[in-house]
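Remarks on the structure that follows.
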2 protein chains.
Amino acid sequence: MYPQSLEKLISCFRILPGVGEKTAERYALLISEKPQEEVQEFAQALLDVKQNVHFCKICGNLTEHEECEICSDSERNHRQILVVQSPKDVIAMEKMGEYKGVYHVLNGLISSTKGIMPEDLNIASLLERAGDADEVILATNATVDGETTAMYLDKLLHAKHPGILVTRIAHGLPAGGMLDYADEMTLSHALTERRKMQ
Amino acid sequence: MYPQSLEKLISCFRILPGVGEKTAERYALLISEKPQEEVQEFAQALLDVKQNVHFCKICGNLTEHEECEICSDSERNHRQILVVQSPKDVIAMEKMGEYKGVYHVLNGLISSTKGIMPEDLNIASLLERAGDADEVILATNATVDGETTAMYLDKLLHAKHPGILVTRIAHGLPAGGMLDYADEMTLSHALTERRKMQ
């Protein structure tokens, strides 16, 4: 119904997560109204990301260099490895600002529903790195896929490096969370993982 | 926090309507995972829209030709002009499939809050075209800006072409609408614009 170039752009926008027909239309129409230079900049930014950004050869995070900034930072503790699902999680932890170790980015989670198998993830290099580590912290999401992946990695790490310290981030009531709004699973975790005060 | 190229792409995605920081991040991360060819196609589609798509010189709708397909269709009634805010509205009317006249796309609405003045809209050429028309149907939205624009155009059209037939699309209960869920303005319109049955 729209001119051909516009229909093509609409179909391109639809590859983005959560973008349906209506949203893609709004995006494409906005682009048609933007100044030439701004759209050129946008197109160039798309190409630059594919050109410049790739996985860090050590941890699997996104970087423009061979090793990411965190892996090449000698002031961080390289014997503590925090394992996360995606680069977004690294950013979230870094914003928190208290973690001084390094990361390992799986770039996905094991998922039977999505058909993602362990061999699709950045796991092999974690097993190698873990040999030199004091602690591997499994910080995948508290979801079904996140728990499955954590349990799988825990077994694998112990099989390869007997005696290794593998920990899991705590589950419980979120900051500001109220008991009567928390779901049963959260309450169950909060109770089971209770700790002694002072 | 992200690699520079990725931060740049995130800021580009933020120009899209309703896209905040988190959504732009998700979009950019997805792009970094897509195959090279798909991203190149996306970048090309952006450039093509700016290159090929422009306003129809008659009605202001988007087209890749000098005149849009509707304006150059001799089987349509060129003496009946339906005035809408944007190309999206043309698509909506065409999907409905009952209208056989032509369109005029204002590419915006008069808006005091957004600072959009009549001279920012595609109005001058409407006044010219209207001289040859049997009817001008004002089909702007039933919003404050839509009503303001319709009233303004009605006055302008009558001043320039005394005796011209200018109509406004009906307001009332939408199809499937229920009285007890309708707002007061809708009910007021539905009552005022009631018509004789049979």
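Just so we're on the same page: first chain in the structure tokens is A, next is B, and so on; residues restart at 1 for each chain, and ligands are numbered from 1 in the order they show up.
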
All residues 12 Å or closer to region 69-80 of chain B, only C-alpha atoms, same chain fewer than 6 positions away omitted, as a ChimeraX atom specification
/A:1-4 /B:55-63,90-91,94,98-105,126,129-138,164-167

8 Å contacts from chain A to chain B using only C-alpha atoms, as a PyMOL selection string:
chain A and resi 1-6+8-9+12-13+16-17+26-27+30-32+36+39-50+52-54+62-64+91

Please report, as a VMD selection string, each residue of region 91-174 of chain B to which DSSP assigns strand (DSSP E) when run on this structure's backbone.
chain B and resid 101 to 105 135 to 138 166 to 168

CA of Ile169 (chain A) to CA of Leu127 (chain A): how many Å, to one decimal?
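Separation of CA of Ile169 (chain A) and CA of Leu127 (chain A): 19.2 Å.
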
List as a PDB file with N, CA and C atoms, in the first residue's frame the protein and nucleic acid residues near Ser188 (chain A), meaning an atom at most 12 Å away when only C-alpha atoms are counted, but skip any in the same chain fewer than 3 places from it.
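And here is the file that came out, part24.pdb:
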```pdb
ATOM      1  N   HIS A 171      18.839 -15.187  45.732  1.00  0.00           N
ATOM      2  CA  HIS A 171      17.449 -14.937  45.336  1.00  0.00           C
ATOM      3  C   HIS A 171      16.705 -14.495  46.583  1.00  0.00           C
ATOM      4  N   GLY A 172      15.776 -13.599  46.462  1.00  0.00           N
ATOM      5  CA  GLY A 172      14.983 -13.179  47.618  1.00  0.00           C
ATOM      6  C   GLY A 172      14.156 -11.955  47.278  1.00  0.00           C
ATOM      7  N   LEU A 173      13.754 -11.246  48.314  1.00  0.00           N
ATOM      8  CA  LEU A 173      12.918 -10.069  48.138  1.00  0.00           C
ATOM      9  C   LEU A 173      13.750  -8.942  47.508  1.00  0.00           C
ATOM     10  N   LEU A 179       6.217  -8.005  51.137  1.00  0.00           N
ATOM     11  CA  LEU A 179       5.838  -9.410  51.253  1.00  0.00           C
ATOM     12  C   LEU A 179       4.529  -9.727  50.548  1.00  0.00           C
ATOM     13  N   ALA A 182       4.905 -10.021  46.794  1.00  0.00           N
ATOM     14  CA  ALA A 182       5.880 -10.965  46.243  1.00  0.00           C
ATOM     15  C   ALA A 182       5.193 -12.275  45.843  1.00  0.00           C
ATOM     16  N   ASP A 183       5.673 -12.911  44.762  1.00  0.00           N
ATOM     17  CA  ASP A 183       5.102 -14.194  44.361  1.00  0.00           C
ATOM     18  C   ASP A 183       5.630 -15.309  45.266  1.00  0.00           C
ATOM     19  N   GLU A 184       5.018 -16.479  45.180  1.00  0.00           N
ATOM     20  CA  GLU A 184       5.343 -17.579  46.096  1.00  0.00           C
ATOM     21  C   GLU A 184       6.790 -18.049  45.953  1.00  0.00           C
ATOM     22  N   MET A 185       7.281 -18.072  44.717  1.00  0.00           N
ATOM     23  CA  MET A 185       8.640 -18.531  44.470  1.00  0.00           C
ATOM     24  C   MET A 185       9.647 -17.606  45.145  1.00  0.00           C
ATOM     25  N   LEU A 191      12.829 -17.175  52.199  1.00  0.00           N
ATOM     26  CA  LEU A 191      12.802 -17.908  53.458  1.00  0.00           C
ATOM     27  C   LEU A 191      13.951 -18.923  53.525  1.00  0.00           C
ATOM     28  N   THR A 192      14.118 -19.690  52.452  1.00  0.00           N
ATOM     29  CA  THR A 192      15.141 -20.746  52.434  1.00  0.00           C
ATOM     30  C   THR A 192      16.535 -20.158  52.573  1.00  0.00           C
ATOM     31  N   GLU A 193      16.763 -19.033  51.922  1.00  0.00           N
ATOM     32  CA  GLU A 193      18.114 -18.463  51.900  1.00  0.00           C
ATOM     33  C   GLU A 193      18.311 -17.415  52.990  1.00  0.00           C
ATOM     34  N   ARG A 194      17.480 -17.491  54.062  1.00  0.00           N
ATOM     35  CA  ARG A 194      17.597 -16.519  55.162  1.00  0.00           C
ATOM     36  C   ARG A 194      18.965 -16.651  55.812  1.00  0.00           C
TER      37      ARG A 194
END
```

List every residue of region 97-146 of chain A that DSSP, applied to the backbone, labels as helix (DSSP H, G or I), and write the result as a PyMOL selection string.
chain A and resi 118-120+124-130+144-146

Which value, in Å to one decimal, gives the distance between CA of Val83 (chain B) and CA of Leu153 (chain B)?
9.7 Å

Contacts of region 139-148 of chain A at 8 Å (only C-alpha atoms; same-chain gap of 4+ positions) as a ChimeraX atom specification
/A:82-85,109-111,152,168-169,171

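Across the model, the gap from CA of Ala175 (chain B) to CA of Leu187 (chain B) is 13.5 Å.
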